Amino acid sequence: MLFKLTTISILGAFAAQADILTSTQRFFGMGGQVPSYSEGDQDEQEPKSTNGLGQIPYSEADSDLGIQEILLETPERDPVMFYLSTTVLRTDSAPSASGPTDESSWISASRMSLSWRPRVTHGWFADLGIGEDVYRYDRADSAENENFNLRAGVYKNLPDLDDMVFFARFEYQRITFGSLQDGDYNAQRIRTGLQKTLWAIPRHQLSGSLSGAYEWTVRPDAIKRNELGVDLAYRYAIVDNIYTVLSTRVSGYDYDQGDREDLTLGVMLELNWQISPNVTAMASVSFDKNNSDSTAGLAALNDYESWSAGLGVGLNWSF
């Protein structure tokens, strides 16, 4: 009897630890762990645009004029970027603090980030960033959480490889539940990868990235894991200041303990209205799914499917 109770206690503790991640990563795009390097910040000669595609405004006569090269005066770079957003979402699967009884809920999601990307040398740029996500639910028993992330790395545009972008960085992530002082989860990892614009014509752009992350320090140690992820994003400019983004991310996680492997899928459709160069209004719907292959009957505790939709506004400044 004592052995049985001890086993149940150990499994219960392990499940609670594992759910720290599954209860927070289910909202697609959380944490800014894969910031984009394909928005023109690495290329000083790319003109700023109003259509979110890194393109000059579209003209109906473009197709009649053929391919043109327009020489522009090189603008000054803005290496410091500040971003602030708030979104109200409705989800059918808000994480519960009392167990695997997820229910629908309204969510207030806020994000703030600050990045510095100065030129280093010979086409190399530094990438320093800090950010915080705060999630609040209208259900009293939901696992409200905060996600802090810090990164420091480098990236470089590779003209000989069709302008592919290589990046490598150190990441620190810390998750708390209702208290910024007490950290329930923290991890240090190295991430490296490639990003590229795969296809671009007026109004259309398809970009993708491949990245891998190795974790060497994690608390609790039971959820230490390595990651391999693929991202795709298709953007379509309806008019010069209104555009849609269809993005998907597939990630595979290999855990050090428990013979556990997870496969996570995230899909999001966004409608963005660029009200001004610094203000964007957003509407989005997303689907997230996690399949966990773990021992000791814990797979069901780490599986989830979640639909979310909402409205938000984002503010950004570069200087």
# chains A, B, ... in the order shown; residues from 1 in each chain; ligands from 1

$ residues_around --residues "Arg174 (chain A)" --least-positions-apart "5" --cutoff "7 Å" --atoms "only C-alpha atoms" --output "PDB file with N, CA, C and O atoms, in the first residue's frame"
ATOM      1  N   ASN A 147       5.127  34.975 -18.813  1.00  0.00           N
ATOM      2  CA  ASN A 147       6.255  34.378 -19.520  1.00  0.00           C
ATOM      3  C   ASN A 147       7.295  35.460 -19.800  1.00  0.00           C
ATOM      4  O   ASN A 147       7.043  36.399 -20.553  1.00  0.00           O
ATOM      5  N   PHE A 148       8.464  35.322 -19.166  1.00  0.00           N
ATOM      6  CA  PHE A 148       9.564  36.255 -19.363  1.00  0.00           C
ATOM      7  C   PHE A 148      10.595  35.610 -20.270  1.00  0.00           C
ATOM      8  O   PHE A 148      10.922  34.426 -20.114  1.00  0.00           O
ATOM      9  N   ASN A 149      11.105  36.366 -21.253  1.00  0.00           N
ATOM     10  CA  ASN A 149      12.122  35.814 -22.144  1.00  0.00           C
ATOM     11  C   ASN A 149      13.206  36.843 -22.412  1.00  0.00           C
ATOM     12  O   ASN A 149      12.952  38.045 -22.495  1.00  0.00           O
ATOM     13  N   GLY A 183       9.476  31.844  -9.517  1.00  0.00           N
ATOM     14  CA  GLY A 183       9.560  31.214 -10.822  1.00  0.00           C
ATOM     15  C   GLY A 183       9.261  29.726 -10.744  1.00  0.00           C
ATOM     16  O   GLY A 183       9.955  28.978 -10.063  1.00  0.00           O
ATOM     17  N   TYR A 185       9.160  27.826 -13.510  1.00  0.00           N
ATOM     18  CA  TYR A 185       9.917  27.191 -14.591  1.00  0.00           C
ATOM     19  C   TYR A 185      10.934  28.185 -15.111  1.00  0.00           C
ATOM     20  O   TYR A 185      10.648  29.372 -15.281  1.00  0.00           O
ATOM     21  N   ASN A 186      12.153  27.732 -15.349  1.00  0.00           N
ATOM     22  CA  ASN A 186      13.125  28.544 -16.060  1.00  0.00           C
ATOM     23  C   ASN A 186      14.030  27.633 -16.862  1.00  0.00           C
ATOM     24  O   ASN A 186      14.277  26.485 -16.478  1.00  0.00           O
ATOM     25  N   ALA A 187      14.489  28.138 -17.999  1.00  0.00           N
ATOM     26  CA  ALA A 187      15.316  27.332 -18.899  1.00  0.00           C
ATOM     27  C   ALA A 187      16.325  28.219 -19.588  1.00  0.00           C
ATOM     28  O   ALA A 187      16.052  29.387 -19.894  1.00  0.00           O
TER      29      ALA A 187
END

$ closest_residue --among "A:Leu263, A:Ala152, A:Ala233, A:Ala126" --to "Asn302 (chain A)" --atoms "only C-alpha atoms"
A:Leu263

$ residues_around --residues "Trp124 (chain A)" --least-positions-apart "4" --cutoff "12 Å" --atoms "only C-alpha atoms" --output "list in words"
Asp41, Gln42, Asp43, Arg117, Pro118, Arg119, Val120, Gly153, Val154, Tyr155, Lys156, Asn157, Leu158, Val165, Phe166, Phe167 and Ala168 of chain A

$ write_last_selection --atoms "N, CA and C atoms" --output "CSV table (one decimal), in the first residue's frame"
chain,number,residue,atom,x,y,z
A,41,ASP,N,14.8,44.5,-41.2
A,41,ASP,CA,15.7,45.2,-40.3
A,41,ASP,C,17.2,44.8,-40.5
A,42,GLN,N,17.4,43.7,-41.2
A,42,GLN,CA,18.8,43.3,-41.5
A,42,GLN,C,19.3,43.9,-42.8
A,43,ASP,N,18.4,44.5,-43.6
A,43,ASP,CA,18.8,45.0,-44.9
A,43,ASP,C,18.5,46.5,-44.9
A,117,ARG,N,19.2,45.8,-32.3
A,117,ARG,CA,19.9,45.1,-33.3
A,117,ARG,C,20.9,45.9,-34.1
A,118,PRO,N,22.0,46.2,-33.4
A,118,PRO,CA,23.0,47.1,-34.0
A,118,PRO,C,23.9,46.3,-35.0
A,119,ARG,N,24.5,47.0,-36.0
A,119,ARG,CA,25.4,46.4,-36.9
A,119,ARG,C,26.7,46.1,-36.1
A,120,VAL,N,27.3,44.9,-36.4
A,120,VAL,CA,28.5,44.5,-35.7
A,120,VAL,C,29.7,44.7,-36.7
A,153,GLY,N,22.1,37.3,-29.2
A,153,GLY,CA,22.7,36.5,-30.3
A,153,GLY,C,23.2,37.4,-31.5
A,154,VAL,N,23.4,36.7,-32.6
A,154,VAL,CA,23.8,37.4,-33.8
A,154,VAL,C,23.0,36.8,-35.0
A,155,TYR,N,22.9,37.6,-36.1
A,155,TYR,CA,22.4,37.1,-37.3
A,155,TYR,C,23.0,37.7,-38.5
A,156,LYS,N,22.9,37.1,-39.7
A,156,LYS,CA,23.6,37.6,-40.9
A,156,LYS,C,22.8,37.2,-42.1
A,157,ASN,N,22.6,38.2,-43.0
A,157,ASN,CA,22.0,37.9,-44.3
A,157,ASN,C,23.1,37.3,-45.2
A,158,LEU,N,22.8,36.2,-45.9
A,158,LEU,CA,23.7,35.5,-46.8
A,158,LEU,C,23.3,35.7,-48.2
A,165,VAL,N,18.8,34.1,-44.2
A,165,VAL,CA,19.3,34.7,-42.9
A,165,VAL,C,19.7,33.6,-42.0
A,166,PHE,N,20.9,33.6,-41.5
A,166,PHE,CA,21.4,32.7,-40.4
A,166,PHE,C,21.3,33.4,-39.1
A,167,PHE,N,20.9,32.7,-38.0
A,167,PHE,CA,20.9,33.3,-36.7
A,167,PHE,C,21.3,32.3,-35.7
A,168,ALA,N,21.9,32.8,-34.6
A,168,ALA,CA,22.3,31.9,-33.5
A,168,ALA,C,22.2,32.8,-32.2

$ residues_around --residues "Leu269 (chain A)" --least-positions-apart "6" --cutoff "10 Å" --atoms "only C-alpha atoms" --output "number ranges by chain"
A: 233-235, 244-248, 283-287, 309

$ residues_around --residues "Ser104 (chain A)" --least-positions-apart "6" --cutoff "9 Å" --atoms "only C-alpha atoms" --output "list in words"
Arg90, Thr91, Asp92, Ser93, Ala94 and Arg139 of chain A

$ write_last_selection --atoms "N, CA, C and O atoms" --output "short mmCIF file (atom, residue, chain, number, x, y, z; two decimals), in the first residue's frame"
data_model
loop_
_atom_site.label_atom_id
_atom_site.label_comp_id
_atom_site.auth_asym_id
_atom_site.auth_seq_id
_atom_site.Cartn_x
_atom_site.Cartn_y
_atom_site.Cartn_z
N ARG A 90 -11.01 34.57 -26.87
CA ARG A 90 -11.93 33.55 -26.35
C ARG A 90 -11.36 32.20 -26.75
O ARG A 90 -11.06 31.97 -27.92
N THR A 91 -11.17 31.31 -25.78
CA THR A 91 -10.62 29.99 -26.06
C THR A 91 -11.55 28.92 -25.52
O THR A 91 -12.27 29.14 -24.54
N ASP A 92 -11.52 27.75 -26.16
CA ASP A 92 -12.34 26.64 -25.68
C ASP A 92 -11.56 25.73 -24.74
O ASP A 92 -12.09 24.72 -24.28
N SER A 93 -10.31 26.09 -24.42
CA SER A 93 -9.49 25.20 -23.61
C SER A 93 -8.51 26.00 -22.77
O SER A 93 -7.30 26.00 -23.02
N ALA A 94 -9.01 26.70 -21.76
CA ALA A 94 -8.14 27.43 -20.85
C ALA A 94 -7.55 26.46 -19.84
O ALA A 94 -8.26 25.61 -19.29
N ARG A 139 -11.92 32.89 -15.63
CA ARG A 139 -12.23 31.77 -14.73
C ARG A 139 -11.32 31.81 -13.52
O ARG A 139 -10.09 31.94 -13.64
#

$ select_by_dssp --residues "region 74-275 of chain A" --states "strand (DSSP E)" --output "VMD selection string"
chain A and resid 80 to 94 103 to 116 119 to 121 124 to 137 145 to 158 164 to 176 185 to 201 204 to 219 225 to 239 242 to 255 261 to 275

$ write_last_selection --atoms "C-alpha atoms" --output "short mmCIF file (atom, residue, chain, number, x, y, z; two decimals), in the first residue's frame"
data_model
loop_
_atom_site.label_atom_id
_atom_site.label_comp_id
_atom_site.auth_asym_id
_atom_site.auth_seq_id
_atom_site.Cartn_x
_atom_site.Cartn_y
_atom_site.Cartn_z
CA VAL A 80 16.04 49.78 -31.34
CA MET A 81 12.50 48.37 -31.55
CA PHE A 82 9.83 48.59 -28.84
CA TYR A 83 6.59 46.63 -29.12
CA LEU A 84 3.48 46.66 -26.93
CA SER A 85 0.23 44.81 -27.60
CA THR A 86 -2.94 43.80 -25.83
CA THR A 87 -5.47 41.24 -27.06
CA VAL A 88 -8.80 39.90 -25.81
CA LEU A 89 -9.29 36.24 -26.76
CA ARG A 90 -11.93 33.55 -26.35
CA THR A 91 -10.62 29.99 -26.06
CA ASP A 92 -12.34 26.64 -25.68
CA SER A 93 -9.49 25.20 -23.61
CA ALA A 94 -8.14 27.43 -20.85
CA GLU A 103 -12.89 24.75 -20.06
CA SER A 104 -13.72 27.75 -22.23
CA SER A 105 -12.67 31.18 -21.00
CA TRP A 106 -12.01 34.77 -21.95
CA ILE A 107 -8.33 35.72 -21.94
CA SER A 108 -6.53 39.02 -21.62
CA ALA A 109 -3.13 38.63 -23.30
CA SER A 110 -0.56 41.44 -23.08
CA ARG A 111 2.95 41.52 -24.51
CA MET A 112 5.81 43.97 -24.20
CA SER A 113 9.24 43.61 -25.81
CA LEU A 114 12.37 45.66 -26.43
CA SER A 115 14.98 44.70 -29.05
CA TRP A 116 18.34 46.16 -30.04
CA ARG A 119 25.41 46.39 -36.90
CA VAL A 120 28.53 44.54 -35.71
CA THR A 121 30.81 43.97 -38.72
CA TRP A 124 26.73 40.68 -39.02
CA PHE A 125 24.16 42.17 -36.64
CA ALA A 126 23.69 41.66 -32.92
CA ASP A 127 20.27 40.66 -31.62
CA LEU A 128 19.50 41.58 -28.01
CA GLY A 129 15.96 41.34 -26.72
CA ILE A 130 13.82 41.20 -23.60
CA GLY A 131 10.08 40.57 -23.34
CA GLU A 132 7.20 39.67 -21.06
CA ASP A 133 3.81 38.04 -21.78
CA VAL A 134 0.97 38.23 -19.25
CA TYR A 135 -2.12 35.98 -19.51
CA ARG A 136 -5.22 36.53 -17.37
CA TYR A 137 -8.46 34.51 -17.49
CA ASN A 145 0.71 32.89 -16.01
CA GLU A 146 3.51 35.21 -17.04
CA ASN A 147 6.26 34.38 -19.52
CA PHE A 148 9.56 36.26 -19.36
CA ASN A 149 12.12 35.81 -22.14
CA LEU A 150 15.59 37.14 -22.76
CA ARG A 151 17.84 36.58 -25.78
CA ALA A 152 21.31 37.56 -26.96
CA GLY A 153 22.72 36.50 -30.30
CA VAL A 154 23.77 37.38 -33.83
CA TYR A 155 22.36 37.07 -37.32
CA LYS A 156 23.57 37.63 -40.88
CA ASN A 157 22.03 37.92 -44.31
CA LEU A 158 23.71 35.52 -46.77
CA MET A 164 18.92 33.49 -46.54
CA VAL A 165 19.31 34.69 -42.95
CA PHE A 166 21.38 32.70 -40.45
CA PHE A 167 20.88 33.29 -36.71
CA ALA A 168 22.25 31.93 -33.46
CA ARG A 169 21.41 33.08 -29.96
CA PHE A 170 21.24 32.33 -26.24
CA GLU A 171 17.74 32.27 -24.71
CA TYR A 172 16.51 32.47 -21.15
CA GLN A 173 12.84 31.76 -20.39
CA ARG A 174 11.02 32.01 -17.06
CA ILE A 175 7.36 31.14 -16.41
CA THR A 176 5.48 32.20 -13.30
CA TYR A 185 9.92 27.19 -14.59
CA ASN A 186 13.12 28.54 -16.06
CA ALA A 187 15.32 27.33 -18.90
CA GLN A 188 18.53 28.30 -20.64
CA ARG A 189 19.04 27.19 -24.23
CA ILE A 190 20.96 27.79 -27.43
CA ARG A 191 18.91 28.21 -30.60
CA THR A 192 20.19 28.38 -34.17
CA GLY A 193 18.47 28.34 -37.52
CA LEU A 194 17.77 29.77 -40.96
CA GLN A 195 15.06 32.08 -42.26
CA LYS A 196 14.21 32.93 -45.85
CA THR A 197 11.63 34.61 -48.05
CA LEU A 198 10.66 31.68 -50.26
CA TRP A 199 8.41 33.51 -52.73
CA ALA A 200 7.43 37.14 -53.25
CA ILE A 201 5.41 38.96 -55.90
CA HIS A 204 2.07 38.10 -51.88
CA GLN A 205 4.92 36.79 -49.74
CA LEU A 206 5.79 33.33 -48.40
CA SER A 207 8.55 33.01 -45.82
CA GLY A 208 9.83 30.13 -43.75
CA SER A 209 12.32 29.20 -41.06
CA LEU A 210 13.98 26.11 -39.64
CA SER A 211 15.43 26.19 -36.13
CA GLY A 212 16.71 23.88 -33.43
CA ALA A 213 17.19 24.49 -29.71
CA TYR A 214 19.34 22.68 -27.16
CA GLU A 215 18.57 23.12 -23.46
CA TRP A 216 21.32 22.60 -20.92
CA THR A 217 19.75 24.03 -17.74
CA VAL A 218 16.07 23.64 -16.85
CA ARG A 219 14.10 23.81 -13.61
CA ARG A 225 13.88 19.05 -23.65
CA ASN A 226 15.39 19.80 -27.06
CA GLU A 227 13.39 21.20 -29.97
CA LEU A 228 13.30 21.13 -33.76
CA GLY A 229 10.81 23.50 -35.38
CA VAL A 230 9.60 24.56 -38.84
CA ASP A 231 7.67 27.79 -39.50
CA LEU A 232 5.82 28.98 -42.60
CA ALA A 233 4.01 32.31 -43.06
CA TYR A 234 2.01 33.46 -46.08
CA ARG A 235 1.11 37.14 -46.27
CA TYR A 236 -1.36 38.74 -48.65
CA ALA A 237 -1.89 42.50 -48.89
CA ILE A 238 -5.57 43.20 -49.56
CA VAL A 239 -4.82 46.92 -49.87
CA ILE A 242 -4.68 45.88 -44.71
CA TYR A 243 -3.11 42.44 -45.00
CA THR A 244 -3.64 38.88 -43.85
CA VAL A 245 -1.12 36.41 -42.45
CA LEU A 246 -1.60 32.63 -42.45
CA SER A 247 1.13 31.05 -40.34
CA THR A 248 1.87 27.56 -39.11
CA ARG A 249 4.49 26.08 -36.82
CA VAL A 250 5.35 22.42 -36.30
CA SER A 251 7.69 21.57 -33.42
CA GLY A 252 9.09 18.29 -32.20
CA TYR A 253 10.29 18.03 -28.58
CA ASP A 254 12.58 15.33 -27.22
CA TYR A 255 12.58 15.19 -23.40
CA GLU A 261 8.40 12.97 -27.16
CA ASP A 262 5.87 15.65 -28.13
CA LEU A 263 4.70 16.91 -31.51
CA THR A 264 3.06 20.35 -31.48
CA LEU A 265 1.11 22.04 -34.28
CA GLY A 266 0.05 25.68 -34.30
CA VAL A 267 -1.95 27.42 -37.05
CA MET A 268 -3.05 31.05 -37.01
CA LEU A 269 -4.96 33.30 -39.43
CA GLU A 270 -4.62 37.03 -38.80
CA LEU A 271 -6.18 40.12 -40.33
CA ASN A 272 -4.04 43.22 -39.75
CA TRP A 273 -4.99 46.84 -40.27
CA GLN A 274 -1.99 49.19 -40.32
CA ILE A 275 -3.72 52.26 -38.92
#

$ atom_distance --atom1 "CA of Glu144 (chain A)" --atom2 "CA of Asp102 (chain A)"
12.8 Å

$ atom_distance --atom1 "CA of Asp293 (chain A)" --atom2 "CA of Asp256 (chain A)"
13.0 Å
